[in-house]
$ cat final-v3.cif   # mmCIF, C-alpha atoms
data_structure
#
loop_
_atom_site.label_atom_id
_atom_site.label_comp_id
_atom_site.auth_asym_id
_atom_site.auth_seq_id
_atom_site.Cartn_x
_atom_site.Cartn_y
_atom_site.Cartn_z
CA MET B 1 -16.59 37.70 7.33
CA SER B 2 -19.02 35.06 6.01
CA LEU B 3 -16.13 33.10 4.48
CA VAL B 4 -14.53 32.92 7.92
CA VAL B 5 -17.72 31.41 9.31
CA TYR B 6 -17.89 28.90 6.45
CA ALA B 7 -14.25 27.93 7.01
CA ALA B 8 -14.85 27.31 10.70
CA ALA B 9 -18.01 25.34 9.99
CA VAL B 10 -16.39 23.11 7.38
CA LEU B 11 -13.37 22.37 9.56
CA LEU B 12 -15.60 21.59 12.53
CA VAL B 13 -17.64 19.18 10.41
CA VAL B 14 -14.45 17.46 9.24
CA ALA B 15 -13.21 17.18 12.83
CA ALA B 16 -16.57 15.83 14.00
CA MET B 17 -16.62 13.23 11.21
CA MET B 18 -13.19 12.00 12.23
CA ILE B 19 -13.93 11.97 15.96
CA ARG B 20 -17.15 10.01 15.44
CA ARG B 21 -15.57 6.75 14.32
CA THR B 22 -17.17 3.34 14.55
CA ARG B 23 -15.47 0.30 15.99
CA THR B 24 -14.90 -1.01 12.46
CA THR B 25 -13.05 2.11 11.34
CA PRO B 26 -9.31 1.43 11.53
CA ARG B 27 -7.08 3.73 13.55
CA THR B 28 -3.86 4.84 11.83
CA PRO B 29 -0.94 7.05 12.95
CA LEU B 30 -2.55 9.90 10.97
CA THR B 31 -5.86 9.73 12.81
CA VAL B 32 -5.06 11.93 15.82
CA PRO B 33 -2.95 14.56 13.94
CA THR B 34 -5.65 14.98 11.29
CA ARG B 35 -8.39 15.40 13.87
CA ALA B 36 -6.29 17.87 15.86
CA THR B 37 -5.46 19.94 12.78
CA ALA B 38 -9.08 20.16 11.63
CA PHE B 39 -10.27 21.04 15.16
CA LEU B 40 -7.58 23.68 15.76
CA GLY B 41 -8.23 25.20 12.34
CA ALA B 42 -11.89 25.64 13.22
CA VAL B 43 -11.04 27.08 16.64
CA CYS B 44 -8.72 29.63 14.97
CA PHE B 45 -11.56 31.13 12.96
CA ILE B 46 -13.99 30.99 15.88
CA CYS B 47 -11.53 32.78 18.19
CA ALA B 48 -10.73 35.43 15.56
CA ALA B 49 -14.39 36.47 15.17
CA PRO B 50 -15.07 39.89 16.78
CA ALA B 51 -18.02 38.46 18.73
CA THR B 52 -15.76 35.79 20.25
CA LEU B 53 -13.05 38.33 21.06
CA ALA B 54 -15.59 40.56 22.83
CA ALA B 55 -16.99 37.60 24.79
CA VAL B 56 -13.50 36.49 25.91
CA ASN B 57 -12.54 40.01 26.95
CA SER B 58 -15.78 40.39 28.90
CA ALA B 59 -15.53 36.97 30.56
CA THR B 60 -11.93 37.48 31.70
CA GLY B 61 -12.24 41.15 32.51
CA ILE B 62 -8.97 41.78 30.64
CA PRO B 63 -9.16 44.11 27.62
CA ASN B 64 -7.91 42.43 24.43
CA PHE B 65 -7.19 39.09 26.11
CA GLY B 66 -8.84 37.48 23.12
CA ALA B 67 -5.83 38.54 21.03
CA PRO B 68 -3.12 36.41 22.71
CA LEU B 69 -5.64 33.59 22.95
CA THR B 70 -6.24 33.74 19.19
CA TYR B 71 -2.53 34.07 18.42
CA SER B 72 -1.78 31.08 20.64
CA VAL B 73 -4.38 28.97 18.84
CA ILE B 74 -2.96 30.08 15.46
CA SER B 75 0.51 29.02 16.64
CA ALA B 76 -0.85 25.67 17.82
CA PHE B 77 -2.56 25.24 14.46
CA SER B 78 0.71 26.01 12.65
CA CYS B 79 2.44 23.38 14.80
CA SER B 80 -0.28 20.82 14.10
CA LEU B 81 0.16 21.33 10.35
CA ILE B 82 3.86 20.55 10.62
CA ILE B 83 3.18 17.49 12.80
CA LEU B 84 0.52 16.27 10.38
CA LEU B 85 2.96 16.54 7.50
CA ILE B 86 5.61 14.68 9.52
CA TYR B 87 3.24 11.76 10.09
CA TRP B 88 1.90 11.95 6.56
CA ARG B 89 5.36 11.69 5.04
CA GLY B 90 6.28 8.82 7.35
CA GLY B 91 9.70 7.34 8.08
CA PRO B 92 11.42 5.69 11.05
CA SER B 93 9.31 5.97 14.20
CA ASP B 94 12.22 7.36 16.26
CA ARG B 95 12.79 10.14 13.71
CA ILE B 96 9.08 10.97 13.64
CA ARG B 97 8.86 11.20 17.43
CA ARG B 98 11.98 13.39 17.59
CA MET B 99 10.67 15.81 14.95
CA VAL B 100 7.27 15.99 16.66
CA ARG B 101 8.87 16.76 20.03
CA VAL B 102 11.01 19.51 18.49
CA SER B 103 7.96 21.07 16.79
CA ILE B 104 5.94 21.03 20.01
CA ALA B 105 8.84 22.50 22.01
CA VAL B 106 9.42 25.37 19.54
CA TYR B 107 5.78 26.36 19.22
CA GLY B 108 5.13 25.79 22.90
CA ALA B 109 7.87 28.32 23.69
CA LEU B 110 6.35 30.68 21.12
CA ILE B 111 2.93 30.48 22.79
CA VAL B 112 4.44 31.19 26.22
CA ALA B 113 6.31 34.20 24.79
CA ILE B 114 3.11 35.57 23.21
CA ILE B 115 1.23 35.41 26.52
CA VAL B 116 4.10 36.91 28.52
CA LEU B 117 4.55 39.80 26.08
CA PHE B 118 0.83 40.57 26.22
CA PHE B 119 0.84 40.93 30.00
CA LEU B 120 3.95 43.12 29.83
CA ALA B 121 2.27 45.46 27.34
CA ASP B 122 -0.02 48.42 27.99
CA ALA B 123 -3.09 47.57 25.90
CA ASP B 124 -6.13 48.84 27.78
CA THR B 125 -8.11 50.03 24.73
CA GLU B 126 -10.21 47.20 23.36
CA ARG B 127 -9.76 46.62 19.61
CA LEU B 128 -11.78 43.84 18.05
CA ARG B 129 -10.90 44.26 14.36
CA ASP B 130 -7.69 46.25 14.01
CA LEU B 131 -5.58 45.28 17.04
CA ASP B 132 -2.55 44.35 14.90
CA THR B 133 -2.26 47.79 13.34
CA TYR B 134 -3.60 49.82 16.28
CA TYR B 135 -0.89 48.45 18.61
CA ALA B 136 1.80 48.07 15.92
CA ASN B 137 4.02 50.65 17.68
CA THR B 138 3.19 49.72 21.28
CA PRO B 139 6.11 48.15 23.21
CA TYR B 140 5.72 44.41 23.83
CA MET B 141 2.48 44.31 21.80
CA ARG B 142 4.62 45.04 18.76
CA GLU B 143 6.89 42.11 19.56
CA MET B 144 3.90 39.85 20.29
CA ILE B 145 2.35 40.61 16.90
CA VAL B 146 5.64 40.04 15.09
CA LEU B 147 6.21 36.73 16.90
CA TYR B 148 2.88 35.19 15.96
CA LEU B 149 3.25 36.34 12.34
CA LEU B 150 6.77 34.87 12.18
CA GLY B 151 5.60 31.60 13.74
CA HIS B 152 2.84 31.23 11.18
CA LEU B 153 5.16 32.21 8.32
CA ALA B 154 7.77 29.69 9.45
CA SER B 155 5.26 26.83 9.36
CA THR B 156 4.10 27.95 5.92
CA ILE B 157 7.66 27.97 4.58
CA VAL B 158 8.45 24.55 6.07
CA LEU B 159 5.29 23.03 4.63
CA SER B 160 5.89 24.58 1.20
CA VAL B 161 9.50 23.38 0.98
CA VAL B 162 8.64 19.82 2.04
CA CYS B 163 5.64 19.63 -0.30
CA LEU B 164 7.68 20.95 -3.25
CA LYS B 165 10.41 18.35 -2.66
CA TRP B 166 7.84 15.62 -2.24
CA ILE B 167 5.76 16.49 -5.30
CA ARG B 168 8.88 16.31 -7.48
CA GLY B 169 9.32 12.71 -6.46
CA GLU B 170 7.36 9.62 -7.43
CA VAL B 171 3.94 10.59 -6.09
CA THR B 172 0.77 10.00 -8.06
CA GLY B 173 -2.99 9.92 -7.74
CA LEU B 174 -4.78 11.60 -4.88
CA LEU B 175 -1.56 12.13 -2.96
CA ARG B 176 -0.29 14.35 -5.76
CA VAL B 177 -3.64 16.16 -5.90
CA GLY B 178 -3.48 16.67 -2.14
CA LEU B 179 0.02 18.13 -2.33
CA ARG B 180 -1.05 20.55 -5.05
CA LEU B 181 -4.01 21.68 -2.96
CA ILE B 182 -1.74 22.22 0.03
CA LEU B 183 0.67 24.31 -2.05
CA ALA B 184 -2.20 26.36 -3.51
CA GLY B 185 -3.64 27.02 -0.06
CA LEU B 186 -0.23 27.92 1.36
CA LEU B 187 0.44 30.34 -1.52
CA LEU B 188 -2.88 32.07 -0.88
CA ASP B 189 -2.09 32.17 2.84
CA VAL B 190 1.31 33.79 2.23
CA LEU B 191 0.09 36.33 -0.31
CA GLY B 192 -3.36 37.00 1.11
CA PHE B 193 -2.71 36.83 4.85
CA GLU B 194 0.98 37.08 5.76
CA LEU B 195 1.93 39.68 3.15
CA THR B 196 -1.08 41.89 3.81
CA LYS B 197 -0.72 41.71 7.60
CA VAL B 198 3.01 42.44 7.50
CA THR B 199 2.50 45.28 5.02
CA ALA B 200 -0.16 46.90 7.20
CA VAL B 201 1.93 46.59 10.38
CA VAL B 202 5.17 47.83 8.78
CA ALA B 203 3.25 50.73 7.22
CA ARG B 204 2.17 51.78 10.71
CA TRP B 205 5.82 51.75 11.81
CA TYR B 206 6.58 54.34 9.16
CA GLY B 207 3.47 56.45 9.76
CA TYR B 208 1.26 55.17 6.93
CA ASP B 209 -2.27 53.82 7.20
CA VAL B 210 -3.21 50.83 5.04
CA ASP B 211 -5.18 49.10 7.78
CA PHE B 212 -7.74 47.80 5.27
CA LEU B 213 -5.18 45.19 4.19
CA SER B 214 -5.21 43.73 7.70
CA THR B 215 -8.91 44.11 8.46
CA THR B 216 -10.56 43.54 5.07
CA VAL B 217 -8.20 41.54 2.83
CA ALA B 218 -6.37 39.22 5.24
CA PRO B 219 -9.28 37.41 7.03
CA PRO B 220 -11.10 36.03 3.93
CA ALA B 221 -7.77 35.16 2.27
CA ALA B 222 -6.69 33.20 5.34
CA SER B 223 -10.05 31.41 5.47
CA LEU B 224 -9.98 30.40 1.82
CA GLY B 225 -6.34 29.31 2.06
CA ALA B 226 -7.10 27.20 5.14
CA LEU B 227 -10.00 25.50 3.39
CA ILE B 228 -7.86 24.65 0.36
CA TYR B 229 -4.84 23.22 2.16
CA SER B 230 -7.04 21.45 4.73
CA ALA B 231 -8.76 19.73 1.82
CA GLY B 232 -5.31 18.76 0.56
CA PHE B 233 -4.48 17.12 3.89
CA VAL B 234 -7.85 15.46 4.42
CA LEU B 235 -8.50 14.09 0.91
CA PRO B 236 -5.70 11.45 0.87
CA ARG B 237 -6.41 10.73 4.55
CA LEU B 238 -10.07 9.88 3.88
CA VAL B 239 -9.13 7.74 0.89
CA SER B 240 -6.50 5.99 2.99
CA ALA B 241 -9.09 5.33 5.71
CA ALA B 242 -11.48 3.91 3.12
CA SER B 243 -8.69 1.68 1.80
CA GLU B 244 -7.84 0.43 5.30
CA LYS B 245 -11.51 -0.24 5.97
CA GLN B 246 -11.71 -2.32 2.79
CA SER B 247 -8.56 -4.17 3.84
CA LEU B 248 -10.21 -4.94 7.18
CA ALA B 249 -13.32 -6.23 5.39
CA ASN B 250 -11.21 -8.45 3.12
CA TYR B 251 -9.21 -9.70 6.10
CA ARG B 252 -12.37 -10.77 7.88
CA ALA B 253 -13.71 -12.35 4.69
CA LEU B 254 -10.55 -14.48 4.36
CA LEU B 255 -10.60 -15.77 7.93
CA PRO B 256 -12.97 -18.70 7.14
CA LEU B 257 -10.68 -19.77 4.29
CA TRP B 258 -7.64 -19.69 6.56
CA ALA B 259 -9.57 -21.56 9.25
CA VAL B 260 -10.02 -24.41 6.75
CA LEU B 261 -6.52 -24.31 5.30
CA LYS B 262 -4.52 -24.09 8.53
CA ASP B 263 -5.81 -27.50 9.66
CA VAL B 264 -4.88 -29.33 6.46
CA THR B 265 -1.53 -27.79 5.58
CA THR B 266 1.95 -28.38 6.97
CA THR B 267 3.18 -24.94 5.96
CA PRO B 268 4.64 -23.16 9.02
CA ARG B 269 2.76 -20.06 10.06
CA THR B 270 4.33 -16.65 9.65
CA GLU B 271 5.52 -15.25 12.98
CA GLN B 272 4.04 -11.90 14.00
CA ARG B 273 6.51 -9.29 15.19
CA ARG B 274 3.73 -7.23 16.70
CA PRO B 275 0.32 -8.23 18.05
CA LEU B 276 -2.46 -8.07 15.43
CA TRP B 277 -4.28 -5.28 17.27
CA ARG B 278 -1.24 -3.02 16.79
CA GLN B 279 -1.02 -3.62 13.03
CA LEU B 280 -2.87 -1.75 10.28
CA PRO B 281 -5.58 -3.74 8.49
CA SER B 282 -3.53 -3.63 5.29
CA SER B 283 -0.60 -5.28 7.11
CA ARG B 284 -2.86 -7.94 8.60
CA LEU B 285 -4.35 -8.62 5.16
CA TYR B 286 -0.91 -8.92 3.55
CA LEU B 287 0.27 -11.47 6.14
CA LEU B 288 -2.93 -13.49 5.93
CA GLU B 289 -2.82 -13.57 2.12
CA ALA B 290 0.81 -14.74 2.26
CA GLN B 291 -0.13 -17.56 4.64
CA ILE B 292 -3.04 -18.60 2.42
CA HIS B 293 -0.89 -18.60 -0.72
CA ASP B 294 1.74 -20.75 1.04
CA ALA B 295 -0.95 -23.16 2.22
CA LEU B 296 -2.44 -23.43 -1.28
CA LEU B 297 1.01 -24.11 -2.67
CA ASP B 298 1.40 -26.88 -0.14
CA LEU B 299 -1.91 -28.37 -1.35
CA THR B 300 -0.84 -28.67 -5.00
CA ALA B 301 0.15 -32.28 -4.38
CA HIS B 302 -3.56 -33.00 -3.79
CA PHE B 303 -4.84 -31.19 -6.89
CA ASP B 304 -6.74 -33.41 -9.31
CA GLN B 305 -6.59 -32.27 -12.93
CA ARG B 306 -9.71 -34.30 -13.74
CA ILE B 307 -11.75 -32.32 -11.21
CA GLY B 308 -10.62 -29.08 -12.80
CA GLU B 309 -11.39 -30.28 -16.32
CA ALA B 310 -14.85 -31.45 -15.30
CA ALA B 311 -15.66 -28.13 -13.61
CA HIS B 312 -14.30 -26.25 -16.64
CA SER B 313 -16.55 -28.20 -19.02
CA VAL B 314 -19.62 -27.72 -16.81
CA ALA B 315 -18.99 -23.94 -16.63
CA LEU B 316 -18.64 -23.65 -20.43
CA GLU B 317 -21.81 -25.65 -20.97
CA ALA B 318 -23.59 -23.28 -18.57
CA GLY B 319 -22.68 -20.36 -20.84
CA ARG B 320 -19.82 -18.90 -18.82
CA SER B 321 -16.82 -17.24 -20.43
CA ARG B 322 -13.45 -18.99 -20.69
CA GLU B 323 -12.10 -16.82 -17.88
CA GLU B 324 -15.01 -17.69 -15.61
CA ALA B 325 -14.65 -21.37 -16.53
CA ARG B 326 -10.95 -21.35 -15.62
CA ILE B 327 -11.68 -19.73 -12.26
CA ALA B 328 -14.44 -22.30 -11.61
CA ALA B 329 -11.94 -25.07 -12.36
CA GLU B 330 -9.43 -23.62 -9.90
CA LYS B 331 -12.06 -23.38 -7.18
CA ALA B 332 -13.15 -26.96 -7.73
CA MET B 333 -9.58 -28.30 -7.59
CA ILE B 334 -8.80 -26.31 -4.43
CA ILE B 335 -11.95 -27.47 -2.63
CA ASP B 336 -11.30 -31.06 -3.66
CA ALA B 337 -7.67 -30.75 -2.51
CA ILE B 338 -8.82 -29.53 0.89
CA LEU B 339 -11.14 -32.54 1.16
CA ARG B 340 -8.32 -34.89 0.13
CA ALA B 341 -5.87 -33.35 2.61
CA SER B 342 -8.44 -33.68 5.40
CA GLY B 343 -8.99 -37.34 4.50
CA ARG B 344 -12.60 -36.95 3.39
CA THR B 345 -11.82 -37.92 -0.21
CA THR B 346 -9.42 -40.66 -1.25
CA GLY B 347 -7.89 -41.70 -4.53
CA ALA B 348 -4.85 -40.79 -6.55
CA ALA B 349 -4.73 -37.17 -7.54
CA ASP B 350 -3.80 -36.13 -11.07
CA PRO B 351 -1.87 -32.89 -10.44
CA PRO B 352 -1.76 -30.28 -13.24
CA ASP B 353 1.47 -29.90 -15.18
CA GLU B 354 1.61 -26.24 -14.16
CA PHE B 355 -0.67 -24.35 -11.82
CA ARG B 356 -0.83 -20.62 -11.18
CA LEU B 357 -3.52 -19.29 -8.88
CA THR B 358 -5.63 -16.59 -10.55
CA VAL B 359 -8.83 -16.84 -8.53
CA ASP B 360 -9.54 -13.96 -6.15
CA LEU B 361 -8.93 -15.08 -2.59
CA VAL B 362 -12.07 -13.40 -1.26
CA GLU B 363 -14.17 -15.16 -3.90
CA LEU B 364 -12.42 -18.39 -3.01
CA ALA B 365 -13.16 -17.81 0.68
CA LEU B 366 -16.86 -17.45 -0.09
CA ALA B 367 -16.75 -20.68 -2.06
CA VAL B 368 -14.74 -22.64 0.51
CA SER B 369 -16.48 -21.42 3.67
CA PRO B 370 -19.18 -24.14 3.48
CA VAL B 371 -16.64 -26.81 2.45
CA GLN B 372 -17.34 -28.89 5.52
CA ASP B 373 -20.83 -29.56 4.14
CA LEU B 374 -19.72 -30.47 0.59
CA THR B 375 -19.48 -33.92 -0.87
CA PRO B 376 -17.03 -34.90 -3.63
CA ASP B 377 -19.88 -34.89 -6.19
CA GLN B 378 -20.89 -31.39 -5.14
CA VAL B 379 -17.29 -30.24 -5.60
CA ARG B 380 -17.50 -31.09 -9.29
CA ALA B 381 -20.62 -29.00 -9.65
CA HIS B 382 -19.44 -26.13 -7.47
#

$ encode --input "final-v3.cif" --output "structure tokens"
Amino acid sequence: MSLVVYAAAVLLVVAAMMIRRTRTTPRTPLTVPTRATAFLGAVCFICAAPATLAAVNSATGIPNFGAPLTYSVISAFSCSLIILLIYWRGGPSDRIRRMVRVSIAVYGALIVAIIVLFFLADADTERLRDLDTYYANTPYMREMIVLYLLGHLASTIVLSVVCLKWIRGEVTGLLRVGLRLILAGLLLDVLGFELTKVTAVVARWYGYDVDFLSTTVAPPAASLGALIYSAGFVLPRLVSAASEKQSLANYRALLPLWAVLKDVTTTPRTEQRRPLWRQLPSSRLYLLEAQIHDALLDLTAHFDQRIGEAAHSVALEAGRSREEARIAAEKAMIIDAILRASGRTTGAADPPDEFRLTVDLVELALAVSPVQDLTPDQVRAH
């Protein structure tokens, strides 16, 4: 049972890491489903432990009440996996909400049926390890056991089918790795948990005893499978969160550049369909970069080729590469153009025959942020 404990511990750590988010960590539509799945997965293994079952039975005064509690949590976990995959795959928001509501309704009804069947059954003998097989032929308990196994199997089949269709498409990188991990974990869950549990229960129906499949083989197989497919879900999610956090950092780094450009350009600003606080950092960054590019294009009339050539020569003389010298020339022309557009530098500009921005916008933002303190001579040496 040590693997069960490890599985619960790992999933709890993952859930805790995701719950403990700083103000700078972006929230995405996957945040809540991922946290819920990791938390419910950990609760499944905690509830299934014999010590927990005994404590629940003792606290409630109802023999075997830990069983429907555990089965309900397993059903909720199965539902959370489907919901997580729905959000992960994405699509129209109306379709996502409809599919989530259907999933919750189906598994909510399943949980109610499990609890009702338990109270209708006669199960006064406490069984902490072999309840599934011990009560396999008991009216209502039999139906309760079959229902929770079918509910878990249904979620496994749905996840497998969707992942197989998805992995055959144009998915690469960590997303593809995540899908393969999910499929591997689901395969182990089906073969190691579902098949062994069903075999042991059906064997009891026909008078055979292979209880070891349910008590010895199934628990560690389920734990290992859960760890594998949870890693498949979490890996792309963590990478996505890191990417969004970087987007947020870049967005904030570009704000000083936009603060300078928006006052010297006549380019109309892009209208926001949704407030910024409701947009992902990557969306905010994309819109801001588009506005900056439009503003720089508007400034090309103020570009002075002589400023660029002077900065290029100075960079080469300082031992920089040709690439670094070209970027330095672009920065110098852009800063000078900003000064010209703001009226701080006068004179006829000598625009380049053809200009294509290659400088990184974040680097440019760092160079332009102190532009209000620069003089035209400092521009040439910048």

$ residues_around --input "final-v3.cif" --residues "B:Leu53" --least-positions-apart "4" --cutoff "8 Å" --atoms "all atoms listed in the file" --output "ChimeraX atom specification"
/B:47-49,57,64-67,128

$ atom_distance --input "final-v3.cif" --atom1 "atom CA of B:Val32" --atom2 "atom CA of B:Leu149"
26.0 Å

$ resolve_selection --input "final-v3.cif" --expression "the PyMOL selection byres ((chain B and resi 152-157) around 12)" --output "ChimeraX atom specification"
/B:71-85,103,106-107,110-111,145-151,158-164,182-191,193-195,197-198,222,225-226,229

$ closest_residue --input "final-v3.cif" --among "B:His302, B:Ala136, B:Arg89, B:Pro220" --to "B:Ile167" --atoms "all atoms listed in the file"
B:Arg89

$ resolve_selection --input "final-v3.cif" --expression "the PyMOL selection byres ((chain B and resi 332-338) around 6)" --output "VMD selection string"
chain B and resid 302 to 303 307 to 308 329 to 331 339 to 341 379
